[in-house]
file my_file.txt (compact mmCIF, C-alpha atoms)
# COMPACT_ATOMS: atom_id res chain seq x y z
CA MET A 1 121.01 114.50 112.43
CA LEU A 2 119.16 111.71 114.28
CA ALA A 3 117.92 110.28 110.96
CA LEU A 4 121.48 110.13 109.61
CA ILE A 5 122.85 108.50 112.78
CA VAL A 6 120.09 105.88 112.85
CA LEU A 7 120.54 105.05 109.16
CA LEU A 8 124.33 104.83 109.45
CA ALA A 9 124.02 102.55 112.48
CA LEU A 10 121.58 100.30 110.63
CA VAL A 11 123.67 100.06 107.45
CA GLY A 12 126.81 99.54 109.52
CA LEU A 13 125.29 96.54 111.32
CA ILE A 14 124.17 95.00 108.04
CA ILE A 15 127.61 95.49 106.47
CA LEU A 16 129.07 93.69 109.48
CA GLY A 17 126.89 90.70 108.61
CA VAL A 18 124.10 91.12 111.16
CA PRO A 19 120.81 89.72 109.74
CA ILE A 20 118.53 92.49 108.53
CA ALA A 21 115.70 91.79 111.00
CA ILE A 22 118.14 91.75 113.94
CA ALA A 23 119.85 94.91 112.71
CA LEU A 24 116.49 96.71 112.52
CA GLY A 25 115.54 95.66 116.04
CA VAL A 26 118.94 96.41 117.59
CA THR A 27 119.05 99.84 115.96
CA ALA A 28 115.59 100.76 117.22
CA VAL A 29 116.19 99.45 120.75
CA GLY A 30 119.65 101.01 120.92
CA THR A 31 118.30 104.39 119.79
CA TYR A 32 115.66 104.48 122.51
CA LEU A 33 118.22 103.45 125.14
CA ALA A 34 120.61 106.16 123.93
CA LEU A 35 117.79 108.72 124.10
CA GLY A 36 117.06 107.71 127.68
CA GLU A 37 113.57 106.39 126.91
CA PRO A 38 113.71 102.69 127.85
CA ALA A 39 110.05 102.67 128.93
CA ILE A 40 109.01 102.91 125.28
CA LEU A 41 110.51 99.45 124.69
CA THR A 42 107.36 98.01 126.22
CA MET A 43 105.77 98.84 122.85
CA LEU A 44 108.17 96.49 121.03
CA PRO A 45 106.00 93.32 121.14
CA GLN A 46 102.83 95.22 120.20
CA ARG A 47 104.45 96.98 117.24
CA MET A 48 106.09 93.82 115.93
CA TYR A 49 102.82 91.92 116.24
CA SER A 50 100.66 94.60 114.61
CA ALA A 51 103.09 94.93 111.69
CA THR A 52 102.44 91.33 110.65
CA THR A 53 98.69 91.02 111.23
CA SER A 54 97.50 92.76 108.08
CA PHE A 55 95.12 90.53 106.10
CA THR A 56 96.93 91.60 102.92
CA LEU A 57 100.16 89.98 104.12
CA LEU A 58 98.49 86.57 104.08
CA ALA A 59 99.00 86.63 100.31
CA ILE A 60 102.77 86.33 100.71
CA PRO A 61 103.10 82.67 101.80
CA PHE A 62 100.59 81.54 99.18
CA PHE A 63 102.33 83.27 96.28
CA ILE A 64 105.64 81.85 97.52
CA LEU A 65 104.03 78.39 97.68
CA ALA A 66 102.58 78.79 94.18
CA GLY A 67 106.03 79.62 92.80
CA ASN A 68 107.61 76.63 94.54
CA LEU A 69 104.91 74.27 93.27
CA MET A 70 105.29 75.53 89.70
CA ASN A 71 109.05 75.15 89.81
CA THR A 72 108.64 71.54 90.96
CA GLY A 73 105.59 70.53 88.95
CA GLY A 74 106.84 70.81 85.38
CA VAL A 75 105.27 74.23 84.72
CA THR A 76 108.54 76.08 84.12
CA GLU A 77 109.70 73.69 81.37
CA ARG A 78 106.41 74.07 79.48
CA ILE A 79 106.56 77.84 79.73
CA PHE A 80 110.11 77.82 78.41
CA ARG A 81 109.20 75.62 75.43
CA PHE A 82 106.30 77.90 74.49
CA ALA A 83 108.48 81.04 74.76
CA ALA A 84 111.15 79.37 72.61
CA ALA A 85 108.61 78.63 69.89
CA LEU A 86 107.47 82.26 69.88
CA VAL A 87 110.69 84.29 69.98
CA GLY A 88 113.57 81.83 69.71
CA HIS A 89 114.25 82.89 66.10
CA ILE A 90 114.93 86.55 67.01
CA ARG A 91 118.58 87.59 67.19
CA GLY A 92 119.76 86.54 70.60
CA GLY A 93 117.74 83.34 70.42
CA LEU A 94 117.42 81.79 73.84
CA GLY A 95 118.27 85.13 75.46
CA GLN A 96 114.99 86.46 74.06
CA VAL A 97 113.26 83.27 75.19
CA ASN A 98 114.70 83.81 78.66
CA VAL A 99 113.06 87.24 78.94
CA LEU A 100 109.66 86.16 77.58
CA ALA A 101 109.56 83.06 79.79
CA SER A 102 110.31 85.19 82.86
CA LEU A 103 107.53 87.61 81.90
CA ILE A 104 105.05 84.74 81.65
CA PHE A 105 106.25 83.21 84.92
CA SER A 106 105.93 86.65 86.54
CA GLY A 107 102.18 86.38 86.18
CA MET A 108 102.23 83.37 88.49
CA SER A 109 104.76 83.79 91.30
CA GLY A 110 105.52 87.48 91.91
CA ALA A 111 108.97 86.79 93.36
CA ALA A 112 112.32 87.45 91.70
CA VAL A 113 114.23 84.84 93.68
CA ALA A 114 111.62 82.17 92.83
CA ASP A 115 112.09 82.98 89.15
CA ALA A 116 115.88 82.96 89.46
CA ALA A 117 116.11 79.73 91.43
CA GLY A 118 113.42 77.78 89.53
CA LEU A 119 112.85 78.91 85.95
CA GLY A 120 116.38 80.36 85.95
CA GLN A 121 117.88 76.88 86.16
CA VAL A 122 115.88 75.74 83.13
CA GLU A 123 116.82 78.85 81.16
CA PHE A 124 120.52 78.68 81.98
CA LYS A 125 120.82 74.97 81.23
CA ALA A 126 119.10 75.37 77.85
CA MET A 127 121.38 78.26 76.88
CA LYS A 128 124.48 76.45 78.06
CA ASP A 129 123.53 73.31 76.12
CA ARG A 130 123.13 75.40 72.95
CA GLY A 131 126.66 76.78 73.35
CA TYR A 132 125.87 80.26 74.68
CA ASP A 133 128.50 81.98 76.80
CA GLU A 134 127.81 81.10 80.44
CA ARG A 135 128.26 84.69 81.61
CA PHE A 136 125.76 85.98 79.03
CA ALA A 137 123.27 83.26 79.97
CA ALA A 138 123.64 83.92 83.70
CA ALA A 139 123.37 87.71 83.30
CA ILE A 140 120.16 87.71 81.27
CA THR A 141 118.70 85.07 83.61
CA ALA A 142 119.39 87.36 86.57
CA ALA A 143 118.09 90.49 84.85
CA SER A 144 114.89 88.89 83.53
CA SER A 145 113.98 87.55 86.97
CA THR A 146 113.46 91.11 88.22
CA ILE A 147 110.36 91.45 86.04
CA GLY A 148 108.50 89.19 88.50
CA PRO A 149 107.96 91.65 91.37
CA VAL A 150 106.87 94.43 88.97
CA PHE A 151 104.46 92.51 86.76
CA PRO A 152 101.37 91.29 88.68
CA PRO A 153 100.97 89.51 90.99
CA SER A 154 103.79 90.90 93.11
CA ILE A 155 104.88 90.12 96.66
CA PRO A 156 106.65 93.52 97.11
CA PHE A 157 103.44 95.29 96.00
CA VAL A 158 101.55 93.35 98.68
CA ILE A 159 104.06 94.55 101.29
CA PHE A 160 103.91 98.15 100.02
CA ALA A 161 100.11 98.07 100.16
CA SER A 162 100.12 96.72 103.72
CA LEU A 163 102.39 99.58 104.82
CA THR A 164 100.57 102.40 103.03
CA GLY A 165 96.94 101.37 102.70
CA VAL A 166 97.12 101.73 98.92
CA SER A 167 94.93 99.30 97.00
CA VAL A 168 96.77 96.09 96.11
CA VAL A 169 94.61 95.70 93.00
CA LYS A 170 95.57 99.15 91.73
CA LEU A 171 99.23 98.43 92.41
CA PHE A 172 98.98 95.16 90.47
CA LEU A 173 97.41 97.00 87.53
CA ALA A 174 100.03 99.75 87.77
CA GLY A 175 102.79 97.19 87.30
CA VAL A 176 101.49 95.80 84.01
CA VAL A 177 102.83 98.45 81.60
CA PRO A 178 106.18 98.96 83.41
CA GLY A 179 106.62 95.17 83.51
CA LEU A 180 106.01 94.90 79.76
CA LEU A 181 108.40 97.80 79.15
CA MET A 182 111.08 96.09 81.26
CA ALA A 183 110.70 92.94 79.14
CA ALA A 184 110.91 95.00 75.94
CA ALA A 185 114.01 96.86 77.17
CA LEU A 186 115.75 93.62 78.10
CA MET A 187 114.90 92.07 74.72
CA VAL A 188 116.37 95.10 72.93
CA ALA A 189 119.51 94.82 75.08
CA VAL A 190 119.78 91.10 74.25
CA TYR A 191 119.41 91.92 70.54
CA VAL A 192 122.16 94.55 70.65
CA VAL A 193 124.54 92.25 72.55
CA ALA A 194 123.76 89.40 70.15
CA VAL A 195 124.51 91.56 67.10
CA ILE A 196 127.78 92.84 68.57
CA ARG A 197 128.92 89.34 69.52
CA LYS A 198 127.48 87.75 66.37
CA PHE A 199 125.39 85.16 68.19
CA PRO A 200 123.69 82.72 65.80
CA ARG A 201 119.97 82.81 65.07
CA GLU A 202 117.77 79.94 66.16
CA MET A 203 115.55 78.31 63.56
CA ARG A 204 112.03 79.71 63.37
CA ALA A 205 109.50 77.31 64.86
CA SER A 206 106.82 76.00 62.53
CA TYR A 207 103.18 76.84 63.15
CA ARG A 208 102.73 73.26 64.25
CA GLU A 209 105.52 73.58 66.85
CA VAL A 210 104.06 76.84 68.13
CA TRP A 211 100.62 75.25 68.44
CA ASP A 212 101.94 72.14 70.19
CA SER A 213 103.99 74.20 72.67
CA PHE A 214 100.98 76.44 73.28
CA LYS A 215 98.77 73.43 74.08
CA GLY A 216 101.44 72.16 76.47
CA ALA A 217 101.60 75.51 78.26
CA LEU A 218 97.90 76.38 78.03
CA LEU A 219 96.97 75.46 81.61
CA PRO A 220 99.94 77.29 83.22
CA LEU A 221 99.22 80.30 80.98
CA GLY A 222 95.76 80.41 82.52
CA THR A 223 97.18 81.24 85.95
CA PRO A 224 97.67 85.01 85.41
CA PHE A 225 94.20 85.21 83.84
CA ILE A 226 92.62 83.44 86.80
CA ILE A 227 94.43 85.71 89.29
CA ILE A 228 93.80 89.07 87.61
CA ALA A 229 90.29 88.31 86.31
CA GLY A 230 89.28 86.90 89.68
CA ILE A 231 90.49 89.98 91.55
CA LEU A 232 88.99 92.51 89.14
CA SER A 233 85.64 90.71 89.01
CA GLY A 234 85.44 90.61 92.79
CA VAL A 235 85.37 86.82 92.94
CA PHE A 236 88.25 86.88 95.41
CA THR A 237 90.63 89.31 97.09
CA PRO A 238 94.37 89.50 96.28
CA THR A 239 95.00 87.37 99.37
CA GLU A 240 92.50 84.77 98.23
CA ALA A 241 94.09 84.96 94.77
CA GLY A 242 97.31 83.66 96.31
CA VAL A 243 95.40 80.73 97.80
CA THR A 244 93.76 80.07 94.44
CA ALA A 245 97.12 80.18 92.63
CA SER A 246 98.58 77.70 95.12
CA PHE A 247 95.71 75.22 94.71
CA TYR A 248 95.85 75.59 90.93
CA ALA A 249 99.62 74.99 90.88
CA ALA A 250 99.20 71.95 93.12
CA PHE A 251 96.44 70.62 90.85
CA LEU A 252 98.67 70.97 87.78
CA GLY A 253 101.66 69.33 89.44
CA LEU A 254 99.85 66.53 91.25
CA VAL A 255 96.91 65.68 89.00
CA VAL A 256 97.49 67.00 85.47
CA TYR A 257 101.23 66.62 84.91
CA ARG A 258 101.89 64.27 87.83
CA GLU A 259 105.43 65.59 88.21
CA ILE A 260 105.12 66.32 91.93
CA ASP A 261 105.51 63.31 94.18
CA LEU A 262 103.43 63.43 97.35
CA LYS A 263 106.65 62.70 99.23
CA ALA A 264 108.05 66.00 97.90
CA LEU A 265 105.23 68.11 99.34
CA PRO A 266 106.68 68.34 102.89
CA ALA A 267 109.95 69.74 101.49
CA ILE A 268 108.05 72.25 99.32
CA LEU A 269 105.92 73.36 102.27
CA TRP A 270 108.96 73.60 104.55
CA ASP A 271 110.84 75.77 102.03
CA THR A 272 107.77 77.99 101.73
CA LEU A 273 107.53 78.25 105.51
CA LEU A 274 111.19 79.25 105.89
CA HIS A 275 110.94 81.87 103.15
CA THR A 276 107.75 83.28 104.66
CA ILE A 277 109.24 83.46 108.16
CA ARG A 278 112.28 85.34 106.85
CA VAL A 279 110.07 87.90 105.11
CA LEU A 280 107.65 88.38 108.01
CA PHE A 281 110.45 88.60 110.58
CA VAL A 282 111.90 91.51 108.62
CA ILE A 283 108.45 93.15 108.44
CA ALA A 284 107.89 92.62 112.18
CA ALA A 285 111.22 94.20 113.12
CA ALA A 286 110.62 96.99 110.64
CA GLY A 287 107.28 97.67 112.33
CA PHE A 288 109.03 98.80 115.50
CA PHE A 289 111.80 100.53 113.54
CA GLY A 290 109.21 102.45 111.52
CA TRP A 291 107.43 103.47 114.71
CA LEU A 292 110.77 104.80 116.02
CA LEU A 293 111.11 106.96 112.91
CA ILE A 294 107.60 108.37 113.25
CA HIS A 295 107.85 108.80 117.05
CA GLN A 296 111.07 110.80 116.64
CA ARG A 297 109.57 112.80 113.75
CA VAL A 298 112.29 111.66 111.38
CA PRO A 299 110.04 111.94 108.28
CA ASN A 300 109.36 115.60 109.13
CA SER A 301 113.09 116.26 109.39
CA VAL A 302 113.76 114.57 106.07
CA ILE A 303 110.91 116.50 104.39
CA ASN A 304 112.28 119.81 105.63
CA ALA A 305 115.80 118.89 104.57
CA LEU A 306 114.76 117.88 101.06
CA LEU A 307 112.46 120.87 100.58
CA SER A 308 115.30 123.17 101.63
CA ILE A 309 117.22 121.86 98.63
CA SER A 310 114.40 122.31 96.12
CA GLU A 311 110.61 122.35 95.91
CA ASN A 312 110.63 120.92 92.39
CA PRO A 313 108.95 117.47 92.54
CA ILE A 314 111.28 116.07 89.87
CA VAL A 315 114.38 117.16 91.78
CA ILE A 316 113.05 115.74 95.04
CA MET A 317 112.02 112.50 93.30
CA SER A 318 115.49 112.23 91.74
CA LEU A 319 117.10 112.60 95.17
CA ILE A 320 114.80 109.99 96.68
CA VAL A 321 115.43 107.53 93.83
CA THR A 322 119.17 108.03 94.27
CA ILE A 323 118.82 107.25 97.97
CA LEU A 324 116.76 104.14 97.18
CA LEU A 325 119.31 102.92 94.65
CA VAL A 326 122.20 103.46 97.06
CA LEU A 327 120.32 101.68 99.87
CA GLY A 328 119.57 98.86 97.45
CA MET A 329 123.29 98.22 97.11
CA PHE A 330 123.48 97.36 100.82
CA LEU A 331 119.99 96.21 101.86
CA GLU A 332 117.64 93.50 100.62
CA GLY A 333 114.69 94.89 98.64
CA ILE A 334 111.99 94.20 101.22
CA ALA A 335 114.11 95.87 103.90
CA VAL A 336 114.45 99.00 101.74
CA ILE A 337 110.68 99.12 101.32
CA VAL A 338 109.78 98.70 104.99
CA ILE A 339 112.46 101.14 106.17
CA THR A 340 111.88 103.97 103.70
CA VAL A 341 108.10 103.93 103.18
CA PRO A 342 107.39 105.67 106.55
CA ILE A 343 109.94 108.34 105.62
CA PHE A 344 109.19 108.95 101.95
CA MET A 345 105.41 108.53 101.72
CA PRO A 346 104.73 111.80 103.62
CA ILE A 347 107.11 113.54 101.21
CA MET A 348 105.21 112.12 98.23
CA SER A 349 101.94 113.38 99.74
CA THR A 350 103.45 116.83 100.25
CA LEU A 351 104.59 116.96 96.63
CA GLY A 352 101.31 115.60 95.29
CA VAL A 353 102.92 112.49 93.79
CA ASP A 354 100.48 109.66 93.18
CA PRO A 355 101.17 106.84 95.71
CA ILE A 356 100.51 104.30 92.96
CA GLN A 357 103.28 105.79 90.84
CA PHE A 358 105.63 105.94 93.81
CA GLY A 359 104.89 102.31 94.65
CA VAL A 360 106.00 101.25 91.17
CA ILE A 361 109.10 103.44 91.39
CA MET A 362 110.05 102.00 94.77
CA ILE A 363 109.64 98.40 93.62
CA MET A 364 111.67 99.04 90.47
CA CYS A 365 114.45 100.61 92.55
CA SER A 366 114.46 97.57 94.82
CA MET A 367 114.72 95.30 91.74
CA ILE A 368 117.80 97.19 90.59
CA GLY A 369 119.16 96.63 94.09
CA LEU A 370 118.74 92.88 93.61
CA LEU A 371 121.23 93.12 90.74
CA THR A 372 123.84 95.33 92.40
CA PRO A 373 126.60 94.28 94.79
CA PRO A 374 127.43 93.85 97.57
CA VAL A 375 124.05 92.49 98.76
CA GLY A 376 122.14 91.73 95.51
CA MET A 377 120.19 88.57 96.37
CA VAL A 378 119.49 87.61 92.76
CA LEU A 379 123.21 87.92 91.97
CA PHE A 380 124.06 85.34 94.61
CA ALA A 381 121.10 83.10 93.74
CA ILE A 382 122.10 82.98 90.08
CA SER A 383 125.78 82.63 90.91
CA SER A 384 125.06 79.64 93.16
CA VAL A 385 122.92 77.98 90.47
CA THR A 386 125.18 78.68 87.48
CA LYS A 387 128.62 78.69 89.20
CA VAL A 388 129.40 81.97 87.40
CA PRO A 389 131.39 84.23 89.80
CA VAL A 390 129.49 87.26 91.06
CA ALA A 391 132.17 89.65 89.76
CA ALA A 392 131.88 88.24 86.23
CA LEU A 393 128.10 88.37 86.49
CA VAL A 394 128.13 92.04 87.47
CA ARG A 395 130.39 92.96 84.53
CA GLU A 396 128.01 91.20 82.14
CA LEU A 397 124.88 92.79 83.58
CA TRP A 398 125.43 96.41 82.57
CA PRO A 399 123.46 96.44 79.27
CA TYR A 400 120.42 94.99 81.02
CA LEU A 401 120.72 97.25 84.06
CA LEU A 402 120.76 100.25 81.71
CA GLY A 403 117.57 98.97 80.09
CA ILE A 404 115.81 98.65 83.45
CA ILE A 405 117.04 102.09 84.53
CA ALA A 406 115.70 103.57 81.27
CA VAL A 407 112.25 102.18 82.09
CA LEU A 408 112.52 103.52 85.66
CA LEU A 409 113.21 107.00 84.28
CA LEU A 410 110.17 106.73 82.01
CA VAL A 411 107.99 105.83 85.00
CA ILE A 412 109.39 108.81 86.95
CA PHE A 413 108.93 111.41 84.21
CA ILE A 414 105.74 110.01 82.65
CA PRO A 415 103.40 109.11 85.54
CA GLN A 416 100.72 107.84 83.15
CA ILE A 417 102.85 104.76 82.43
CA SER A 418 101.97 103.47 85.89
CA THR A 419 98.67 105.27 86.57
CA TRP A 420 96.88 104.89 83.22
CA LEU A 421 95.70 101.30 83.61
CA PRO A 422 94.40 101.68 87.21
CA GLU A 423 92.52 104.80 86.13
CA LEU A 424 91.10 103.04 83.07
CA VAL A 425 89.96 99.90 84.90
CA MET A 426 89.02 101.29 88.33
CA GLY A 427 88.20 104.92 87.63
CA GLY A 428 90.97 106.56 89.64
CA SER A 429 94.52 105.82 90.76
CA ARG A 430 94.21 106.61 94.44

call {"tool": "encode", "arguments": {"input": "my_file.txt", "output": "structure tokens"}}
result
Amino acid sequence: MLALIVLLALVGLIILGVPIAIALGVTAVGTYLALGEPAILTMLPQRMYSATTSFTLLAIPFFILAGNLMNTGGVTERIFRFAAALVGHIRGGLGQVNVLASLIFSGMSGAAVADAAGLGQVEFKAMKDRGYDERFAAAITAASSTIGPVFPPSIPFVIFASLTGVSVVKLFLAGVVPGLLMAAALMVAVYVVAVIRKFPREMRASYREVWDSFKGALLPLGTPFIIIAGILSGVFTPTEAGVTASFYAAFLGLVVYREIDLKALPAILWDTLLHTIRVLFVIAAAGFFGWLLIHQRVPNSVINALLSISENPIVIMSLIVTILLVLGMFLEGIAVIVITVPIFMPIMSTLGVDPIQFGVIMIMCSMIGLLTPPVGMVLFAISSVTKVPVAALVRELWPYLLGIIAVLLLVIFIPQISTWLPELVMGGSR
């Protein structure tokens, strides 16, 4: 009963427009006051501080900075041109290009909103200029941006790892196959929509055009290789990989392409700082909120309640995924992760579910939440960039949401989709 009351209070505050970090803190403090345990509030500063001091979390500002630098430094346009040369001739044309470009950009930034706000503008403008329906262009731009946090590197995976102690490297590897499957599912959905609506085909690029676009995008395409190869070879940690990606993006923008003005750097750094503070403030508040849940034995209550319904892991997983999807409709993705991990991870351990697999499932659920009203952040980011109303965007999104959900179901029922690569490369998924 306490778990339900706490969750309802939290969701209620967020629906009323209270910022997520404040809602988390107020709910935790209010619960302890209602329980007559105000002395425990002396733990608030310690828990908030300890929640944000993980070395792994240092990767977050650097991956955010790398995405901002790439969006400003001419990288996104070169990626888009290369993707257009490769798949622009497939039915759906620039819709297919949109998906492939987002997949490539995913290997550099790890953030859905960075993809939507940066590369998304390039993708939408190109589709609009070619006469594509604005709603179609905006919808596939929104859907494709969710590949970013699943395909490595990934900011949500960094947060999940900091909360659970699971290896960030293994989580990055676990996201490769699901990320590729998401891209494939979205491309199939684009193809089907294009056939139904009789969208024209783009002309096939010549080998010369493919080669020229590849040369133009060669240095940005090296970013995922540098990040993943550097981590796997032990040259640097995932946190240091974020630093490396930032320096590499700055080098491309300032020295190679010279599309970043030194005067623009303060604005880029300031935007990175604001985004980082928002994320870490949520994590800090969630640190105390999570301690409340554990202190009041809420996870144990939830485990007993779920196991009283069924002991079948698939049934329990289905219930948990349903809860995650519903929460995603009202909470921002990072908030869902930091709130539910302390509750659901013990359940996964009880059921023998691989934490790597569950990490991928949780991140995919949070990505679906980014595309569902009333709180979907990507919906509002794309709507603000494209001027397409959110309601129209939601109606247009269904084919792509179904594709992402199909991949989520595959990850749930076939664990090897997420665990195979970590086992192959690192000799074990745990």

call {"tool": "closest_residue", "arguments": {"input": "my_file.txt", "among": "A:Ala305, A:Ile104, A:Met43, A:Leu171", "to": "A:Phe225", "atoms": "all atoms listed in the file"}}
result
A:Ile104

call {"tool": "residues_around", "arguments": {"input": "my_file.txt", "residues": "A:Ile277", "least_positions_apart": "6", "cutoff": "10 Å", "atoms": "all atoms listed in the file", "output": "list in words"}}
result
Pro61, Asp271 and Ile283 of chain A

call {"tool": "write_last_selection", "arguments": {"input": "my_file.txt", "atoms": "C-alpha atoms", "output": "PDB file, keeping the file's coordinate frame"}}
result
ATOM      1  CA  PRO A  61     103.100  82.670 101.800  1.00  0.00           C
ATOM      2  CA  ASP A 271     110.840  75.770 102.030  1.00  0.00           C
ATOM      3  CA  ILE A 283     108.450  93.150 108.440  1.00  0.00           C
TER       4      ILE A 283
END

call {"tool": "atom_distance", "arguments": {"input": "my_file.txt", "atom1": "atom CA of A:Ile404", "atom2": "atom CA of A:Ile382"}}
result
18.1 Å

call {"tool": "closest_residue", "arguments": {"input": "my_file.txt", "among": "A:Pro45, A:Pro373, A:Pro38, A:Gly427", "to": "A:Val394", "atoms": "only C-alpha atoms"}}
result
A:Pro373

call {"tool": "residues_around", "arguments": {"input": "my_file.txt", "residues": "A:Ile337", "least_positions_apart": "6", "cutoff": "10 Å", "atoms": "only C-alpha atoms", "output": "PyMOL selection string"}}
result
chain A and resi 156-157+159-160+163+283+286+324+328+331+344+359+362-363+365-366

call {"tool": "atom_distance", "arguments": {"input": "my_file.txt", "atom1": "atom CA of A:Leu2", "atom2": "atom CA of A:Val315"}}
result
23.6 Å

call {"tool": "closest_atom_pairs", "arguments": {"input": "my_file.txt", "of": "stretch 260-324 of chain A", "to": "stretch 72-78 of chain A", "cutoff": "12 Å", "atoms": "only C-alpha atoms", "output": "JSON lines"}}
result
{"residue": "A:Ile260", "atom": "CA", "partner": "A:Gly73", "partner_atom": "CA", "distance": 5.2}
{"residue": "A:Asp261", "atom": "CA", "partner": "A:Gly73", "partner_atom": "CA", "distance": 8.9}
{"residue": "A:Leu262", "atom": "CA", "partner": "A:Gly73", "partner_atom": "CA", "distance": 11.2}
{"residue": "A:Ala264", "atom": "CA", "partner": "A:Thr72", "partner_atom": "CA", "distance": 8.9}
{"residue": "A:Leu265", "atom": "CA", "partner": "A:Thr72", "partner_atom": "CA", "distance": 9.7}
{"residue": "A:Ala267", "atom": "CA", "partner": "A:Thr72", "partner_atom": "CA", "distance": 10.8}
{"residue": "A:Ile268", "atom": "CA", "partner": "A:Thr72", "partner_atom": "CA", "distance": 8.4}
{"residue": "A:Leu269", "atom": "CA", "partner": "A:Thr72", "partner_atom": "CA", "distance": 11.8}

call {"tool": "write_last_selection", "arguments": {"input": "my_file.txt", "atoms": "C-alpha atoms", "output": "PDB file, in the coordinates of the input"}}
result
ATOM      1  CA  ILE A 260     105.120  66.320  91.930  1.00  0.00           C
ATOM      2  CA  ASP A 261     105.510  63.310  94.180  1.00  0.00           C
ATOM      3  CA  LEU A 262     103.430  63.430  97.350  1.00  0.00           C
ATOM      4  CA  ALA A 264     108.050  66.000  97.900  1.00  0.00           C
ATOM      5  CA  LEU A 265     105.230  68.110  99.340  1.00  0.00           C
ATOM      6  CA  ALA A 267     109.950  69.740 101.490  1.00  0.00           C
ATOM      7  CA  ILE A 268     108.050  72.250  99.320  1.00  0.00           C
ATOM      8  CA  LEU A 269     105.920  73.360 102.270  1.00  0.00           C
TER       9      LEU A 269
END

call {"tool": "closest_residue", "arguments": {"input": "my_file.txt", "among": "A:Ile40, A:Val166, A:Met127, A:Val360", "to": "A:Gln296", "atoms": "only C-alpha atoms"}}
result
A:Ile40

call {"tool": "residues_near_point", "arguments": {"input": "my_file.txt", "point": "(91.0, 91.0, 88.6)", "cutoff": "10 Å", "atoms": "all atoms listed in the file", "output": "list in words"}}
result
Val169, Lys170, Phe172, Leu173, Pro224, Phe225, Ile226, Ile227, Ile228, Ala229, Gly230, Ile231, Leu232, Ser233, Gly234, Val235, Phe236, Thr237, Pro238, Ala241 and Val425 of chain A
